[in-house]
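Participant: Take this structure first; my questions come after.
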Amino acid sequence: MDDVAPQLVGQADAQAVDDDGDDGLNDGDDSELSDATEEETQPSVFVRKPGRGCEHYSRGCRLVSPCCGENYWCRFCHNAATETGNSRTGHTLDRHAVKQVICGECGLKQAVSQFCIGEGCGNKFGEYFCKICNFFDDEISKKPFHCDGCGICRVGGRENFFHCETCGCCYATELRNNHRCIQGSMHQNCPVCQENLFNSTSECRVLRCGHTMHRDCLRSLMTLRQPLRPATCPLCNVSIMDNSIYWQQLDVQIARTPMPEELAGRDVPVLCNDCHATGAV
């Protein structure tokens, strides 16, 4: 649960798991277990085997890039290597287009599968394997799953998320029929940092207005806002949280402030950013 303003969003969307959003829609569920022992409630700690995978993923095979023929442990390793080279040859790896992998133990190049076909090898390339995304990961505690609607793998557990067809992404089940839909809201850039939200590996949040942004960007927005000014969505200026108390305090301050004589009797048209009602003051 976000510790900034949890009443705004509850939870957000599922994190993507790799290239088209690996490791990204909300990956936490805080369900309470009444009779669970301490051991059962403690999160399991994943221990990576030495020499297996890269800094991004623990896996037992390297991907053969269909774009350049080079092999890397994952998409991120490939992209980092090509981006540091000549900008004219820089490119990204489409994980869905991968047709071959190289076993990390016996070195055999082979078609994509979950187990090595090398004689006497049998290396399991990943405890989790998606044949659609060509995605491998040993760390199943992240509860990876494939979403047909998103077309990619995400983490957080299929039971904890649903795919919103209008917003175009997986959202936490608590947001089912409990959020404002905006067409393709997750297929936009974060309004704060400008990183694409759908492909992001950072956790996201859904605001009251329906727009989305990274959780950490929301925290920064709440922290850096001007004193005595409510935080609003950078895209539509709708309040991020319930500002009823703030408006009451503002009404009291206005009532205590006498209107200058030269402005008395004048009306000014106003528009409420939250409800879009018009009026005059």
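Following the order of the structure tokens, chains are lettered A, B, ..., residues in each are numbered from 1, and ligands are numbered from 1.
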Considering only C-alpha atoms, return as a VMD selection string whatever protein or nucleic-acid residues lie within 9 Å of A:Ala97, sequence-local ones (same chain, fewer than 3 positions apart) excluded.
Facilitator: chain A and resid 65 to 67 93 to 94 133 to 134
Participant: Tell me which protein, DNA and RNA residues are within 12 Å of A:Lys124, counting only C-alpha atoms, leaving out same-chain ones fewer than 5 positions away, and put them as a VMD selection string.
Facilitator: chain A and resid 52 58 to 61 103 to 106 112 to 118 129 136 to 138
Participant: To test your reading of the structure, identify every residue in stretch 111-160 of chain A that backbone DSSP assigns to helix (DSSP H, G or I), and report it as an mmCIF file with C-alpha atoms, in the first residue's frame.
Facilitator:
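File written: out-v4.cif
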data_model
loop_
_atom_site.group_PDB
_atom_site.id
_atom_site.type_symbol
_atom_site.label_atom_id
_atom_site.label_comp_id
_atom_site.auth_asym_id
_atom_site.auth_seq_id
_atom_site.Cartn_x
_atom_site.Cartn_y
_atom_site.Cartn_z
ATOM 1 C CA ILE A 140 8.683 -17.403 -8.876
ATOM 2 C CA SER A 141 8.036 -15.646 -5.550
ATOM 3 C CA LYS A 142 7.248 -12.586 -7.690
ATOM 4 C CA ARG A 158 -2.959 -13.443 -11.692
ATOM 5 C CA GLU A 159 -5.528 -13.685 -8.889
ATOM 6 C CA ASN A 160 -4.665 -10.173 -7.712
#
Participant: Please measure the separation of atom CA of A:Leu218 and atom CA of A:Cys77, giving the value in Å to one decimal.
Facilitator: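 Rounded to one decimal, the two atoms are 28.6 Å apart.
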Participant: Rank nothing, just name the residue among A:Leu63, A:Asn79, A:Cys233, A:Glu127 nearest to A:Gly107, using only C-alpha atoms.
Facilitator: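 Residue with the minimum atom-to-atom distance to A:Gly107: A:Leu63.
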Participant: When you look at stretch 192-196 of chain A with a cut-off of 12 Å (counting only C-alpha atoms), what residues show up, excluding the ones that are within fewer than 3 positions of it in the same chain? I need them as a ChimeraX atom specification.
Facilitator: /A:16,20-21,24,185-189,199-202,204,211-222,233-235
Participant: For stretch 265-268 of chain A, list every protein, DNA or RNA residue within 12 Å, evaluated using only C-alpha atoms, and leave out those in the same chain fewer than 5 positions away; present the list as a list in words.
Facilitator: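 Answer for this query is Met259, Pro260, Thr278, Gly279, Ala280 and Val281 of chain A.
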Participant: Just how far from atom CA of A:Leu271 is atom CA of A:Cys190, in Å to one decimal?
Facilitator: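 Atom-to-atom, atom CA of A:Cys190 and atom CA of A:Leu271 are spaced 26.0 Å apart.
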Participant: Applying 8 Å and only C-alpha atoms, which residues near A:Val64 remain after dropping the ones on its own chain fewer than 4 positions away? List them as a VMD selection string.
Facilitator: chain A and resid 69 to 72 98 to 102
Participant: For the selection just defined, write its residues with C-alpha atoms to a file, as a PDB file, in the first residue's frame.
Facilitator:
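As a result, part.pdb now contains:
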ATOM      1  CA  GLY A  69      22.937 -12.526 -33.779  1.00  0.00           C
ATOM      2  CA  GLU A  70      24.620 -11.765 -30.445  1.00  0.00           C
ATOM      3  CA  ASN A  71      23.557 -13.566 -27.264  1.00  0.00           C
ATOM      4  CA  TYR A  72      22.662 -11.975 -23.941  1.00  0.00           C
ATOM      5  CA  VAL A  98      13.575 -14.717 -30.185  1.00  0.00           C
ATOM      6  CA  LYS A  99      13.732 -18.194 -31.741  1.00  0.00           C
ATOM      7  CA  GLN A 100      16.876 -19.651 -30.152  1.00  0.00           C
ATOM      8  CA  VAL A 101      18.599 -19.754 -26.781  1.00  0.00           C
ATOM      9  CA  ILE A 102      22.013 -20.963 -25.580  1.00  0.00           C
TER      10      ILE A 102
END
Participant: Hey, which of A:Gln248, A:Cys236, A:Arg75, A:Glu262 ends up closest to A:Cys275? Count only C-alpha atoms.
Facilitator: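 Using only C-alpha atoms, A:Cys275 sits closest to A:Cys236.
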Participant: Of the residues A:Trp247, A:Thr92, A:Cys209, A:His276, which is the one nearest to A:Arg229, using only C-alpha atoms?
Facilitator: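 Residue with the minimum atom-to-atom distance to A:Arg229: A:Trp247.
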Participant: Per residue of stretch 79-150 of chain A within 12 Å of stretch 169-182 of chain A, note the shortest atom pair and the distance in Å to one decimal, counting only C-alpha atoms, and order the rows by chain and increasing residue number, as JSON lines.
Facilitator:
{"residue": "A:Phe145", "atom": "CA", "partner": "A:Cys170", "partner_atom": "CA", "distance": 11.2}
{"residue": "A:His146", "atom": "CA", "partner": "A:Cys170", "partner_atom": "CA", "distance": 10.6}
{"residue": "A:Cys147", "atom": "CA", "partner": "A:Cys170", "partner_atom": "CA", "distance": 7.9}
{"residue": "A:Asp148", "atom": "CA", "partner": "A:Cys170", "partner_atom": "CA", "distance": 10.2}
{"residue": "A:Gly149", "atom": "CA", "partner": "A:Cys169", "partner_atom": "CA", "distance": 7.3}
{"residue": "A:Cys150", "atom": "CA", "partner": "A:Cys169", "partner_atom": "CA", "distance": 5.9}
Participant: Please produce an output containing all heavy atoms for each residue in the selection, written as a CSV table (one decimal), in the first residue's frame.
Facilitator:
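Writing the result to again_30.csv gives the following:
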chain,number,residue,atom,x,y,z
A,145,PHE,N,2.9,-13.9,-14.3
A,145,PHE,CA,1.8,-14.5,-15.0
A,145,PHE,C,1.8,-13.8,-16.4
A,145,PHE,O,2.2,-12.7,-16.5
A,145,PHE,CB,0.5,-14.4,-14.3
A,145,PHE,CG,0.0,-13.0,-14.1
A,145,PHE,CD1,-0.9,-12.4,-15.0
A,145,PHE,CD2,0.5,-12.2,-13.0
A,145,PHE,CE1,-1.3,-11.1,-14.8
A,145,PHE,CE2,0.1,-10.9,-12.9
A,145,PHE,CZ,-0.8,-10.3,-13.7
A,146,HIS,N,1.2,-14.5,-17.4
A,146,HIS,CA,1.0,-13.8,-18.7
A,146,HIS,C,-0.4,-13.3,-18.8
A,146,HIS,O,-1.4,-14.0,-18.5
A,146,HIS,CB,1.3,-14.9,-19.8
A,146,HIS,CG,1.1,-14.3,-21.2
A,146,HIS,ND1,2.2,-13.6,-21.8
A,146,HIS,CD2,0.1,-14.2,-22.0
A,146,HIS,CE1,1.8,-13.2,-23.0
A,146,HIS,NE2,0.5,-13.5,-23.1
A,147,CYS,N,-0.5,-12.1,-19.3
A,147,CYS,CA,-1.8,-11.4,-19.5
A,147,CYS,C,-2.0,-11.4,-21.0
A,147,CYS,O,-1.2,-10.7,-21.7
A,147,CYS,CB,-1.8,-10.0,-18.9
A,147,CYS,SG,-3.3,-9.1,-19.4
A,148,ASP,N,-3.0,-12.0,-21.5
A,148,ASP,CA,-3.3,-12.0,-23.0
A,148,ASP,C,-3.7,-10.6,-23.4
A,148,ASP,O,-3.4,-10.2,-24.5
A,148,ASP,CB,-4.4,-13.0,-23.3
A,148,ASP,CG,-4.0,-14.4,-23.1
A,148,ASP,OD1,-2.8,-14.7,-23.3
A,148,ASP,OD2,-4.8,-15.3,-22.8
A,149,GLY,N,-4.4,-9.9,-22.5
A,149,GLY,CA,-4.8,-8.5,-22.9
A,149,GLY,C,-3.7,-7.6,-23.1
A,149,GLY,O,-3.6,-6.8,-24.0
A,150,CYS,N,-2.7,-7.6,-22.2
A,150,CYS,CA,-1.5,-6.8,-22.3
A,150,CYS,C,-0.5,-7.4,-23.3
A,150,CYS,O,0.2,-6.6,-23.9
A,150,CYS,CB,-0.8,-6.7,-20.9
A,150,CYS,SG,-1.6,-5.8,-19.6
Participant: One decimal, Å: what's the distance from atom CA of A:Gly168 over to atom CA of A:Arg95, could you say?
Facilitator: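 Atom CA of A:Arg95 lies at a distance of 20.5 Å from atom CA of A:Gly168.
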